[in-house]
Amino acid sequence: MTDPALRPIMVEESLSSPSLRQIVEGLNRCLPELPAEVRAERGDMARHLIVHMSAERERALAENAPTPRATWHDAATGLIDAVAGMWLAPITPGS
């Protein structure tokens, strides 16, 4: 989803998935009240973190390089902790 030309297509296709819509609705119910721009920004950050950390792990495994966590389960746990911390972080007021 980093290609600017393909991103709108990917978003449209993803949001047409009932499962993904259900996940997003559930996430929104669990989050604190966040201003729309903060919610959008953190959503982008979460997407990048999930996609790129998974790709980094796959690259390391393909190269037989060490990884920070021994298993995919453990890697997912660390990723969940990081994303949850990001969503729940305080908001610094702008200038």
# chains A, B, ... in the order shown; residues from 1 in each chain; ligands from 1
$ residues_around --residues "range 43-55 of chain A" --least-positions-apart "2" --cutoff "10 Å" --atoms "only C-alpha atoms" --output "ChimeraX atom specification"
/A:1-2,37-41,57-61,72,75-76,79-80,82-84,86-87
$ select_by_dssp --residues "chain A" --states "alpha helix (DSSP H)" --output "PyMOL selection string"
chain A and resi 7-15+18-30+36-62+72-88
$ atom_distance --atom1 "CA of Arg7 in chain A" --atom2 "CA of Ile23 in chain A"
19.7 Å
$ closest_residue --among "A:Asp3, A:Glu13, A:Glu33, A:Asp74" --to "Pro90 in chain A" --atoms "only C-alpha atoms"
A:Glu33
